[in-house]
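Below is structure-v8.cif, which holds mmCIF, C-alpha atoms.
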```
data_start
#
loop_
_atom_site.label_atom_id
_atom_site.label_comp_id
_atom_site.auth_asym_id
_atom_site.auth_seq_id
_atom_site.Cartn_x
_atom_site.Cartn_y
_atom_site.Cartn_z
CA GLY O 26 0.00 0.00 0.00
CA THR O 27 0.99 3.65 -0.42
CA MET O 28 0.93 4.21 3.35
CA LYS O 29 3.71 1.67 3.87
CA GLY O 30 5.84 3.21 1.11
CA ALA O 31 5.53 6.67 2.61
CA ALA O 32 6.43 5.38 6.06
CA GLU O 33 9.54 3.66 4.72
CA GLU O 34 10.59 6.78 2.83
CA ALA O 35 10.49 9.16 5.82
CA PRO O 36 13.74 7.93 7.47
CA VAL O 37 15.55 8.23 4.14
CA VAL O 38 14.46 11.86 3.78
CA ALA O 39 15.47 12.59 7.37
CA LYS O 40 18.84 10.98 6.78
CA ARG O 41 19.36 13.02 3.63
CA ALA O 42 18.53 16.21 5.53
CA LYS O 43 21.09 15.25 8.19
CA VAL O 44 23.75 14.63 5.59
CA ARG O 45 22.97 17.93 3.86
CA ALA O 46 23.12 19.81 7.18
CA PHE O 47 26.39 18.12 8.10
CA LEU O 48 28.02 18.87 4.73
CA SER O 49 26.96 22.50 4.77
CA VAL O 50 28.38 22.92 8.29
CA ALA O 51 31.66 21.20 7.34
CA GLY O 52 32.03 23.40 4.26
CA TRP O 53 31.33 26.46 6.37
CA PHE O 54 34.09 25.49 8.85
CA VAL O 55 36.76 24.83 6.24
CA SER O 56 36.06 27.89 4.10
CA THR O 57 36.13 30.08 7.23
CA VAL O 58 39.62 28.91 8.11
CA VAL O 59 40.85 29.77 4.62
CA LEU O 60 39.16 33.17 4.65
CA ILE O 61 40.29 34.21 8.11
CA THR O 62 43.90 33.08 7.95
CA MET O 63 44.22 34.90 4.62
CA ASN O 64 42.54 38.01 6.06
CA LYS O 65 45.17 38.06 8.79
CA VAL O 66 48.03 37.57 6.31
CA LEU O 67 46.78 40.40 4.06
CA MET O 68 45.88 42.84 6.85
CA GLY O 69 49.14 42.13 8.66
CA GLU O 70 51.41 42.67 5.69
CA HIS O 71 51.00 44.48 2.44
CA PHE O 72 47.30 44.92 1.95
CA ALA O 73 45.94 46.71 5.02
CA LEU O 74 42.91 48.19 3.22
CA PRO O 75 39.89 46.79 5.10
CA VAL O 76 37.18 48.61 3.09
CA PHE O 77 38.67 47.70 -0.28
CA LEU O 78 39.23 44.11 0.88
CA THR O 79 35.57 43.86 1.95
CA PHE O 80 34.58 45.33 -1.44
CA LEU O 81 36.63 42.59 -3.17
CA HIS O 82 34.92 39.91 -1.04
CA MET O 83 31.50 41.18 -2.04
CA MET O 84 32.42 41.55 -5.71
CA VAL O 85 33.74 37.98 -5.84
CA SER O 86 30.59 36.72 -4.11
CA PHE O 87 28.44 38.50 -6.69
CA LEU O 88 30.46 37.12 -9.62
CA TRP O 89 30.22 33.58 -8.23
CA CYS O 90 26.44 33.86 -7.91
CA GLU O 91 26.19 35.05 -11.51
CA PHE O 92 28.49 32.21 -12.60
CA SER O 93 26.43 29.51 -10.87
CA MET O 94 23.25 30.91 -12.44
CA THR O 95 24.79 31.06 -15.90
CA MET O 96 25.93 27.45 -15.46
CA GLY O 97 22.34 26.56 -14.63
CA TRP O 98 23.15 25.20 -11.15
CA THR O 99 20.76 27.65 -9.53
CA ALA O 100 17.65 29.45 -10.73
CA ARG O 101 17.66 33.21 -11.09
CA GLY O 102 15.22 34.87 -8.70
CA ALA O 103 14.10 38.47 -8.56
CA ILE O 104 13.13 40.87 -5.80
CA LYS O 105 9.34 41.08 -6.06
CA SER O 106 8.53 44.43 -4.51
CA ARG O 107 10.14 47.76 -3.66
CA ALA O 108 9.61 47.01 0.04
CA GLU O 109 11.50 43.74 -0.26
CA GLY O 110 14.22 45.53 -2.23
CA TRP O 111 14.74 48.00 0.61
CA LYS O 112 14.86 45.18 3.16
CA VAL O 113 17.56 43.40 1.15
CA PHE O 114 19.45 46.68 0.69
CA PHE O 115 19.38 47.28 4.45
CA LEU O 116 20.53 43.70 5.06
CA SER O 117 23.39 44.16 2.60
CA GLN O 118 24.63 47.28 4.38
CA VAL O 119 24.53 45.57 7.77
CA MET O 120 26.39 42.58 6.31
CA ALA O 121 29.03 44.87 4.77
CA LEU O 122 29.46 46.71 8.07
CA SER O 123 29.82 43.49 10.03
CA VAL O 124 32.47 42.15 7.62
CA LEU O 125 34.29 45.48 7.46
CA LEU O 126 34.60 45.80 11.25
CA ALA O 127 35.87 42.22 11.58
CA VAL O 128 38.40 42.66 8.75
CA ALA O 129 39.65 45.95 10.25
CA SER O 130 40.07 44.31 13.68
CA PHE O 131 42.73 41.90 12.36
CA LYS O 132 45.12 44.82 12.24
CA TYR O 133 44.88 45.12 16.03
CA VAL O 134 44.06 41.67 17.45
CA ASP O 135 45.15 38.07 16.88
CA VAL O 136 42.86 35.66 15.08
CA SER O 137 42.30 33.60 18.23
CA LEU O 138 41.17 36.65 20.22
CA GLU O 139 38.93 37.87 17.40
CA GLN O 140 37.34 34.42 17.32
CA ALA O 141 36.91 34.22 21.10
CA LEU O 142 35.09 37.56 21.07
CA ALA O 143 33.04 36.56 18.05
CA ALA O 144 31.84 33.60 20.10
CA SER O 145 29.64 35.98 22.10
CA SER O 146 27.47 36.52 18.98
CA PRO O 147 24.57 34.35 20.26
CA ALA O 148 23.90 36.88 23.02
CA PHE O 149 23.73 39.70 20.48
CA THR O 150 21.52 37.61 18.20
CA ALA O 151 19.18 36.81 21.09
CA ALA O 152 18.97 40.50 22.03
CA MET O 153 18.35 41.54 18.42
CA GLY O 154 15.79 38.73 18.11
CA VAL O 155 13.78 40.38 20.89
CA VAL O 156 13.94 43.71 19.07
CA ILE O 157 13.56 42.61 15.43
CA LEU O 158 11.75 39.26 15.48
CA LYS O 159 9.74 40.03 18.66
CA LYS O 160 11.03 36.70 19.97
CA ARG O 161 10.71 35.88 23.63
CA GLU O 162 13.53 33.72 24.93
CA ARG O 163 12.99 31.95 28.26
CA GLY O 164 15.05 33.04 31.26
CA LYS O 165 16.98 29.80 31.19
CA VAL O 166 18.13 30.47 27.62
CA TRP O 167 19.49 33.88 28.68
CA LEU O 168 21.23 32.13 31.58
CA THR O 169 23.09 29.80 29.18
CA LEU O 170 24.38 32.85 27.31
CA LEU O 171 26.20 34.11 30.42
CA PRO O 172 29.07 31.59 30.17
CA VAL O 173 29.10 32.10 26.40
CA VAL O 174 29.81 35.83 26.78
CA GLY O 175 31.76 35.55 30.04
CA GLY O 176 34.13 32.98 28.58
CA ALA O 177 34.81 35.21 25.59
CA MET O 178 35.64 38.11 27.90
CA ILE O 179 37.96 35.94 30.02
CA SER O 180 39.74 34.96 26.80
CA ALA O 181 40.28 38.64 25.98
CA GLY O 182 41.61 39.26 29.49
CA GLY O 183 44.06 36.39 29.04
CA VAL O 184 45.79 38.05 26.09
CA PRO O 185 48.97 40.00 26.92
CA GLU O 186 48.95 43.65 25.67
CA VAL O 187 45.42 43.46 24.34
CA SER O 188 44.34 46.26 21.96
CA TRP O 189 41.04 47.54 23.36
CA PHE O 190 40.37 49.42 20.13
CA GLY O 191 40.56 46.11 18.28
CA VAL O 192 38.26 44.49 20.86
CA THR O 193 35.70 47.29 20.39
CA LEU O 194 35.75 46.76 16.62
CA VAL O 195 34.99 43.05 17.09
CA ILE O 196 32.11 43.75 19.51
CA LEU O 197 30.57 46.26 17.08
CA SER O 198 30.96 43.64 14.36
CA ASN O 199 29.04 41.19 16.61
CA ILE O 200 26.17 43.62 17.07
CA ALA O 201 25.97 44.06 13.30
CA ARG O 202 26.13 40.29 12.79
CA GLY O 203 23.32 39.63 15.28
CA THR O 204 21.16 42.21 13.52
CA LYS O 205 21.94 40.60 10.17
CA SER O 206 21.08 37.07 11.40
CA CYS O 207 17.67 38.20 12.61
CA MET O 208 16.89 40.29 9.55
CA GLN O 209 17.94 37.33 7.41
CA GLU O 210 15.56 35.03 9.27
CA LEU O 211 12.85 37.60 8.68
CA LEU O 212 13.58 37.62 4.94
CA LEU O 213 14.41 33.95 4.37
CA GLY O 214 11.60 32.83 6.63
CA LYS O 215 8.99 34.31 4.29
CA ASP O 216 10.39 32.10 1.48
CA ALA O 217 11.06 35.26 -0.52
CA LEU O 218 14.45 34.64 -2.13
CA ASP O 219 16.62 31.55 -1.88
CA SER O 220 20.17 31.71 -0.49
CA ILE O 221 22.07 32.41 -3.62
CA ASN O 222 19.71 35.07 -4.97
CA LEU O 223 19.72 36.85 -1.64
CA LEU O 224 23.51 36.70 -1.64
CA ARG O 225 23.62 37.99 -5.21
CA TYR O 226 21.54 41.07 -4.41
CA MET O 227 23.25 41.68 -1.08
CA ALA O 228 26.72 41.48 -2.59
CA ALA O 229 25.78 43.84 -5.45
CA PHE O 230 24.19 46.36 -3.08
CA SER O 231 27.25 46.20 -0.80
CA CYS O 232 29.63 46.90 -3.68
CA LEU O 233 27.67 50.02 -4.63
CA THR O 234 28.39 51.60 -1.25
CA LEU O 235 31.75 49.99 -0.38
CA LEU O 236 33.71 51.16 -3.43
CA PRO O 237 32.98 54.91 -3.05
CA PHE O 238 33.48 54.52 0.71
CA SER O 239 36.86 52.89 0.07
CA PHE O 240 37.94 55.74 -2.24
CA VAL O 241 36.96 58.31 0.39
CA ILE O 242 38.65 56.53 3.31
CA GLU O 243 41.61 54.75 1.75
CA GLY O 244 42.24 56.81 -1.39
CA PRO O 245 42.47 55.57 -5.01
CA ALA O 246 46.23 56.26 -5.21
CA ILE O 247 47.05 53.94 -2.30
CA ILE O 248 44.71 51.22 -3.62
CA VAL O 249 46.39 51.27 -7.05
CA GLU O 250 49.84 51.20 -5.46
CA ARG O 251 48.93 48.18 -3.28
CA LEU O 252 47.38 46.32 -6.22
CA SER O 253 50.49 46.81 -8.36
CA TYR O 254 52.56 45.46 -5.46
CA VAL O 255 50.30 42.39 -5.31
CA SER O 256 50.68 41.74 -9.03
CA ARG O 257 54.47 41.56 -8.55
CA ASP O 258 54.42 39.36 -5.44
CA GLY O 259 53.17 35.83 -6.17
CA THR O 260 52.60 34.79 -2.54
CA ILE O 261 50.46 37.82 -1.71
CA ALA O 262 48.58 37.43 -5.02
CA ALA O 263 47.83 33.80 -4.13
CA ALA O 264 46.70 34.87 -0.64
CA LEU O 265 44.37 37.43 -2.20
CA VAL O 266 42.84 34.85 -4.58
CA ALA O 267 42.40 32.29 -1.76
CA ASN O 268 40.92 35.03 0.42
CA CYS O 269 38.34 36.04 -2.18
CA THR O 270 37.39 32.45 -2.99
CA GLY O 271 37.07 31.73 0.73
CA ALA O 272 34.80 34.78 1.06
CA PHE O 273 32.39 33.35 -1.49
CA MET O 274 32.36 29.86 -0.03
CA VAL O 275 31.76 31.19 3.49
CA ASN O 276 28.82 33.28 2.30
CA LEU O 277 27.31 30.40 0.39
CA PHE O 278 27.73 27.79 3.13
CA GLN O 279 26.54 30.24 5.75
CA PHE O 280 23.28 30.73 3.88
CA GLN O 281 22.97 26.96 3.42
CA VAL O 282 23.42 26.48 7.16
CA THR O 283 20.85 29.21 7.92
CA GLU O 284 18.33 27.43 5.71
CA ASN O 285 19.03 24.13 7.49
CA VAL O 286 19.11 25.52 11.05
CA GLY O 287 17.74 28.63 12.84
CA ALA O 288 19.60 31.90 13.45
CA LEU O 289 20.59 31.18 17.04
CA SER O 290 21.70 27.56 16.57
CA MET O 291 23.63 28.88 13.62
CA GLN O 292 25.50 31.23 15.96
CA VAL O 293 26.25 28.36 18.35
CA LEU O 294 27.65 26.31 15.47
CA GLY O 295 29.60 29.45 14.70
CA ASN O 296 31.16 29.11 18.15
CA LEU O 297 32.47 25.64 17.39
CA LYS O 298 33.73 26.99 14.08
CA ASN O 299 35.60 29.68 16.05
CA VAL O 300 37.37 27.05 18.14
CA PHE O 301 38.32 25.22 14.97
CA THR O 302 39.62 28.41 13.31
CA SER O 303 41.51 29.56 16.42
CA THR O 304 43.21 26.23 16.86
CA VAL O 305 44.35 26.27 13.24
CA SER O 306 45.48 29.93 13.49
CA VAL O 307 47.56 29.27 16.61
CA PHE O 308 49.50 26.67 14.64
CA VAL O 309 49.74 28.83 11.50
CA PHE O 310 50.76 32.14 13.13
CA ARG O 311 52.35 30.60 16.26
CA ASN O 312 50.75 33.26 18.46
CA ALA O 313 51.15 33.05 22.21
CA VAL O 314 48.21 31.39 23.95
CA THR O 315 47.81 31.81 27.71
CA SER O 316 46.13 29.22 29.92
CA LEU O 317 43.59 31.92 30.89
CA SER O 318 42.47 32.38 27.30
CA ILE O 319 42.10 28.61 26.91
CA VAL O 320 39.98 28.47 30.10
CA GLY O 321 37.80 31.30 28.75
CA TYR O 322 37.39 29.36 25.55
CA GLY O 323 36.35 26.23 27.42
CA ILE O 324 33.71 28.18 29.35
CA THR O 325 32.32 29.62 26.12
CA MET O 326 32.07 26.16 24.58
CA ALA O 327 30.38 24.67 27.64
CA GLY O 328 27.87 27.53 27.46
CA ALA O 329 27.28 26.81 23.80
CA TRP O 330 26.56 23.17 24.56
CA TRP O 331 24.19 24.08 27.42
CA TYR O 332 22.43 26.60 25.20
CA ASN O 333 21.86 23.98 22.51
CA LYS O 334 20.47 21.55 25.08
CA GLU O 335 17.95 24.16 26.28
CA LYS O 336 16.85 24.98 22.73
CA ASN O 337 16.35 21.29 21.97
CA ARG O 338 14.29 20.75 25.11
CA GLU O 339 12.12 23.67 23.98
CA LYS O 340 11.69 22.04 20.59
CA ALA O 341 10.80 18.66 22.09
CA GLU O 342 8.13 20.27 24.30
CA ALA O 343 6.72 22.19 21.35
CA SER O 344 6.44 19.06 19.19
CA LYS O 345 4.71 17.21 22.07
CA GLU O 346 2.09 19.97 22.14
CA ASP O 347 1.63 19.88 18.36
CA ALA O 348 1.88 16.07 18.17
CA ALA O 349 2.57 16.73 14.49
CA PRO O 350 5.84 16.11 12.63
CA SER O 351 7.95 19.24 12.95
CA SER O 352 9.03 20.92 9.75
CA ASP O 353 11.75 22.71 11.68
CA PRO O 354 14.96 22.35 9.68
CA GLU O 355 17.02 22.60 12.90
CA ALA O 356 16.03 19.00 13.63
CA ALA O 357 18.20 18.01 10.65
CA LEU O 358 21.29 18.43 12.81
CA GLY O 359 20.12 15.45 14.86
CA LYS O 360 21.26 16.74 18.23
#
```

Since I need it in another form, could you write the structure as structure tokens?
Amino acid sequence: GTMKGAAEEAPVVAKRAKVRAFLSVAGWFVSTVVLITMNKVLMGEHFALPVFLTFLHMMVSFLWCEFSMTMGWTARGAIKSRAEGWKVFFLSQVMALSVLLAVASFKYVDVSLEQALAASSPAFTAAMGVVILKKRERGKVWLTLLPVVGGAMISAGGVPEVSWFGVTLVILSNIARGTKSCMQELLLGKDALDSINLLRYMAAFSCLTLLPFSFVIEGPAIIVERLSYVSRDGTIAAALVANCTGAFMVNLFQFQVTENVGALSMQVLGNLKNVFTSTVSVFVFRNAVTSLSIVGYGITMAGAWWYNKEKNREKAEASKEDAAPSSDPEAALGK
């Protein structure tokens, strides 16, 4: 009978969703490491132009979207209304700001510290969720975010000669990122545009404002001089190419992850990604790591785990009340 067939098919679909979620998360982790280590190399040496670098990231992302549509891998979608257009434009500016602040911070702080501070994103996302999505988180969820943020702050305190200006840049970047996550849920949730079309519009809109901004702040003469230096130095040129490719892959995988999981779980996964990136960066750049910063890190991760547990309990209770199969993509992660 058809009933039996459908019942047998369900686990296969669930398994496929799990695999898809896992692959998108893995891709997100690896592409982040490439992007961030290259950001640090470029900002530290001969290409300290954060606005122009962010512009390049966005331009590459836009070109990749166009490429995948031309190849027929993805369908071209359009913004349906002026209101939606303005929402996407706003989202693009917040995204650009978040990236810009993070890129600029690499001039002042080590990768591992930037990542430890970025781990406090869930708290900012939760706060912005209250403001933007009118979400109400339970008290216990807020409680789990205390170790998440506290651990990040302990990590910062454990760094010798910390640049507080750099720390401020990262925190502002977090606020922008939390705002972007919530706005994105608002837009993606209404099944308006799919990942790649949203990325295509956001990247194009970002470029429109970033390039003039870069000319004003960094100056065309300096940009041309740096680019000619890059064209002569093979290593830096390779770093720039890897950096731009990484920027696209991160954007793409991040959207994939957002479609498979919710904004806040996405931030918690982001935490684990931070640990991964920091560990790699410590080996690559051989920066000093104090036991205090490792302890802070551990606290943040424990908080992330506790947070996830609370969110899953919430989900389980909700599905008991509904007694209907949940269409929540977060379940795909099979926690």

* Please determine the residues with any atom at most 9 Å from (30.9, 43.3, 8.9) (coordinates as given in the file, with all atoms listed in the file counting) and report them as a PyMOL selection string. => chain O and resi 79+118-128+197-199+201-202

* To do: Evaluate the PyMOL selection byres ((chain O and resi 91) around 12) on the structure here and hand back the selected residues as an NGL selection string.
  => :O and (84-90 or 92-102 or 221-226 or 228-229 or 273)

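For O:Ser188, the set of protein, DNA and RNA residues having any atom at most 9 Å away, when counting all atoms listed in the file and skipping those fewer than 3 positions along the same chain, is Tyr133, Val134, Gly191, Val192 and Thr193 of chain O.
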
* Can you tell me, as a PyMOL selection string, what residues are no more than 9 Å from stretch 276-283 of chain O when counting all atoms listed in the file, ignoring any on the same chain fewer than 3 positions away? -> chain O and resi 46-47+49-54+56+86+206+209-210+213+219-221+223-224+271-273+286-288+290-291

Could you tell me which residues the PyMOL selection byres ((chain O and resi 302) around 8) returns for this structure, as a JSON list (two decimals) with C-alpha atoms, in the frame of the given file?
```json
[["chain", "number", "residue", "atom", "x", "y", "z"],
["O", 54, "PHE", "CA", 34.09, 25.49, 8.85],
["O", 57, "THR", "CA", 36.13, 30.08, 7.23],
["O", 58, "VAL", "CA", 39.62, 28.91, 8.11],
["O", 61, "ILE", "CA", 40.29, 34.21, 8.11],
["O", 137, "SER", "CA", 42.30, 33.60, 18.23],
["O", 140, "GLN", "CA", 37.34, 34.42, 17.32],
["O", 298, "LYS", "CA", 33.73, 26.99, 14.08],
["O", 299, "ASN", "CA", 35.60, 29.68, 16.05],
["O", 300, "VAL", "CA", 37.37, 27.05, 18.14],
["O", 301, "PHE", "CA", 38.32, 25.22, 14.97],
["O", 303, "SER", "CA", 41.51, 29.56, 16.42],
["O", 304, "THR", "CA", 43.21, 26.23, 16.86],
["O", 305, "VAL", "CA", 44.35, 26.27, 13.24],
["O", 306, "SER", "CA", 45.48, 29.93, 13.49]]
```

Skipping near chain neighbours, those fewer than 3 positions away, what residues fall within 9 Å of O:Arg251 using all atoms listed in the file, listed as an mmCIF file with C-alpha atoms, in the frame of the given file?
```
data_model
loop_
_atom_site.group_PDB
_atom_site.id
_atom_site.type_symbol
_atom_site.label_atom_id
_atom_site.label_comp_id
_atom_site.auth_asym_id
_atom_site.auth_seq_id
_atom_site.Cartn_x
_atom_site.Cartn_y
_atom_site.Cartn_z
ATOM 1 C CA HIS O 71 51.000 44.480 2.440
ATOM 2 C CA PHE O 72 47.300 44.920 1.950
ATOM 3 C CA ALA O 73 45.940 46.710 5.020
ATOM 4 C CA LEU O 74 42.910 48.190 3.220
ATOM 5 C CA ALA O 246 46.230 56.260 -5.210
ATOM 6 C CA ILE O 247 47.050 53.940 -2.300
ATOM 7 C CA ILE O 248 44.710 51.220 -3.620
ATOM 8 C CA TYR O 254 52.560 45.460 -5.460
ATOM 9 C CA VAL O 255 50.300 42.390 -5.310
ATOM 10 C CA SER O 256 50.680 41.740 -9.030
#
```

* **Spatial neighbours of O:Gly183, 12 Å, only C-alpha atoms, chain gap at least 4 places, as a ChimeraX atom specification** => /O:137-138,141,176-179,187,313-322

Could you state which residues are captured by the PyMOL selection byres ((chain O and resi 329) around 8) in this file, as a PDB file with C-alpha atoms, in the frame of the given file?
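The resulting expr38.pdb:
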```pdb
ATOM      1  CA  THR O 169      23.090  29.800  29.180  1.00  0.00           C
ATOM      2  CA  LEU O 170      24.380  32.850  27.310  1.00  0.00           C
ATOM      3  CA  VAL O 173      29.100  32.100  26.400  1.00  0.00           C
ATOM      4  CA  VAL O 293      26.250  28.360  18.350  1.00  0.00           C
ATOM      5  CA  ASN O 296      31.160  29.110  18.150  1.00  0.00           C
ATOM      6  CA  THR O 325      32.320  29.620  26.120  1.00  0.00           C
ATOM      7  CA  MET O 326      32.070  26.160  24.580  1.00  0.00           C
ATOM      8  CA  ALA O 327      30.380  24.670  27.640  1.00  0.00           C
ATOM      9  CA  GLY O 328      27.870  27.530  27.460  1.00  0.00           C
ATOM     10  CA  TRP O 330      26.560  23.170  24.560  1.00  0.00           C
ATOM     11  CA  TRP O 331      24.190  24.080  27.420  1.00  0.00           C
ATOM     12  CA  TYR O 332      22.430  26.600  25.200  1.00  0.00           C
ATOM     13  CA  ASN O 333      21.860  23.980  22.510  1.00  0.00           C
TER      14      ASN O 333
END
```

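Atom CA of O:Gly182 to atom CA of O:Ser146 spans 17.8 Å [interatomic distance, one decimal].
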
* Nearest to O:Ser145: which of O:Val37, O:Leu116, O:Val195, O:Cys232 is it, counting only C-alpha atoms? -> O:Val195

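Distance annotation: of O:Gly259, O:Pro172, O:Pro36, O:Pro75, the residue with the minimal separation from O:Ser239 is O:Pro75; atom set is only C-alpha atoms.
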
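Taking all atoms listed in the file into account, the protein, DNA and RNA residues within 10 Å of (36.4, 54.7, 4.3) read Leu74, Pro75, Val76, Phe77, Leu125, Leu235, Leu236, Pro237, Phe238, Ser239, Phe240, Val241, Ile242, Glu243 and Gly244 of chain O.
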
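Atom pair atom CA of O:Glu139 / atom CA of O:Thr204: separated by 18.7 Å.
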
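With all atoms listed in the file as the basis for measurement, O:Val136 is the residue among O:Ala108, O:Val136, O:Ala264, O:Leu158 that approaches O:Val307 most closely.
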
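The interatomic distance for the pair atom CA of O:Ala39 and atom CA of O:Ala151 works out to 28.1 Å.
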